[in-house]
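Okay, structure first, notes after.
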Amino acid sequence: QVQLVESGGGLVQAGGSLRLSCKASRPIKEIARMGWFRQDPGKPRLVVATITNRGLTNYVDDVKGRSTISRDNIKNTVDLVINNLNPEDTTVYYCGAGIEILGTYDYWGQGTQVTVNS
């Protein structure tokens with residue numbers, strides 16, 4: 001079992017930056033994949049950025065070049081920084097954890113709302 005707690009959402013001005021943080025209830029070294037996802041109302045949950053326990057990262061094209069996902073094995077956190085925010089970044093962001101390197105993400109946080117004002 002893994003509990004994930006997100007923080008860092010809120011209201012941001014367009015052009016600004018934010019840092020989302022996800023704290024896991026167990027050592028993230030034991031978790032093969034962690035990632036940040038977004039979900040708009042009535043839409044499926046979509047990947048934003050992922051990171052493996054070996055530090056391999058992947059980003060969706062919409063945020064590539066203006067975001068960074070990182071993990072802290074001491075604090076058991078995974079952070080996502082997004083720069084140059086635009087109103088299209090407005091959504092609920094979720095942290096996910098996949099225990100195994102393949103397969104689905106098994107655990108999810110409660111989500112954190114990000115609203116970007118133009």
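Chain labels follow the order of the structure tokens: the first chain is A, the next B, and so on; residue numbering restarts at 1 in every chain, and ligands are counted from 1 in their shown order.
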
Find the nearest atom pair between each residue of stretch 44-68 of chain A and stretch 75-97 of chain A for residues within 10 Å, count only C-alpha atoms, give distances in Å to one decimal, sort rows by chain and ascending number, and present the table as a tab-separated table.
residue	atom	partner	partner_atom	distance
A:Arg45	CA	A:Tyr94	CA	8.6
A:Leu46	CA	A:Tyr93	CA	9.5
A:Val47	CA	A:Tyr94	CA	9.2
A:Val48	CA	A:Tyr93	CA	8.8
A:Ala49	CA	A:Leu80	CA	7.9
A:Thr50	CA	A:Gly96	CA	9.0
A:Ile51	CA	A:Val78	CA	8.5
A:Thr52	CA	A:Ala97	CA	9.8
A:Asp62	CA	A:Asp89	CA	9.0
A:Val63	CA	A:Ile82	CA	7.3
A:Lys64	CA	A:Ile82	CA	9.4
A:Gly65	CA	A:Asn83	CA	8.9
A:Arg66	CA	A:Asn83	CA	5.2
A:Ser67	CA	A:Ile82	CA	4.3
A:Thr68	CA	A:Val81	CA	5.2

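Between A:Ala32 and the candidates A:Gly111, A:Gly16, A:Gly98, A:Gly10, the tightest atom-to-atom separation, counting only C-alpha atoms, involves A:Gly98.
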
Residue set, chain A restricted to strand (DSSP E or B), as a PyMOL selection string: chain A and resi 4-7+10-13+18-24+33-39+46-52+57-59+67-72+77-82+91-98+107-108+112-117

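With only C-alpha atoms as the basis for measurement, A:Gln39 is the residue among A:Gln39, A:Ser25, A:Ser17, A:Gln1 that approaches A:Gln113 most closely.
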
Leaving out A:Leu11 and any residue of its chain fewer than 6 positions from it, which residues lie within 8 Å of it when counting only C-alpha atoms, given as a PDB file with N, CA, C and O atoms, in the first residue's frame?
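Once written, around11.pdb looks like this:
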ATOM      1  N   VAL A 114      -5.139  23.317  -9.838  1.00  0.00           N
ATOM      2  CA  VAL A 114      -4.306  24.429 -10.291  1.00  0.00           C
ATOM      3  C   VAL A 114      -5.139  25.274 -11.248  1.00  0.00           C
ATOM      4  O   VAL A 114      -5.715  24.747 -12.207  1.00  0.00           O
ATOM      5  N   THR A 115      -5.205  26.550 -10.966  1.00  0.00           N
ATOM      6  CA  THR A 115      -5.935  27.481 -11.822  1.00  0.00           C
ATOM      7  C   THR A 115      -4.977  28.574 -12.257  1.00  0.00           C
ATOM      8  O   THR A 115      -4.349  29.226 -11.420  1.00  0.00           O
ATOM      9  N   VAL A 116      -4.877  28.752 -13.562  1.00  0.00           N
ATOM     10  CA  VAL A 116      -3.978  29.758 -14.118  1.00  0.00           C
ATOM     11  C   VAL A 116      -4.825  30.881 -14.703  1.00  0.00           C
ATOM     12  O   VAL A 116      -5.626  30.666 -15.614  1.00  0.00           O
ATOM     13  N   ASN A 117      -4.657  32.071 -14.147  1.00  0.00           N
ATOM     14  CA  ASN A 117      -5.384  33.250 -14.623  1.00  0.00           C
ATOM     15  C   ASN A 117      -4.640  33.911 -15.766  1.00  0.00           C
ATOM     16  O   ASN A 117      -3.421  34.084 -15.704  1.00  0.00           O
TER      17      ASN A 117
END
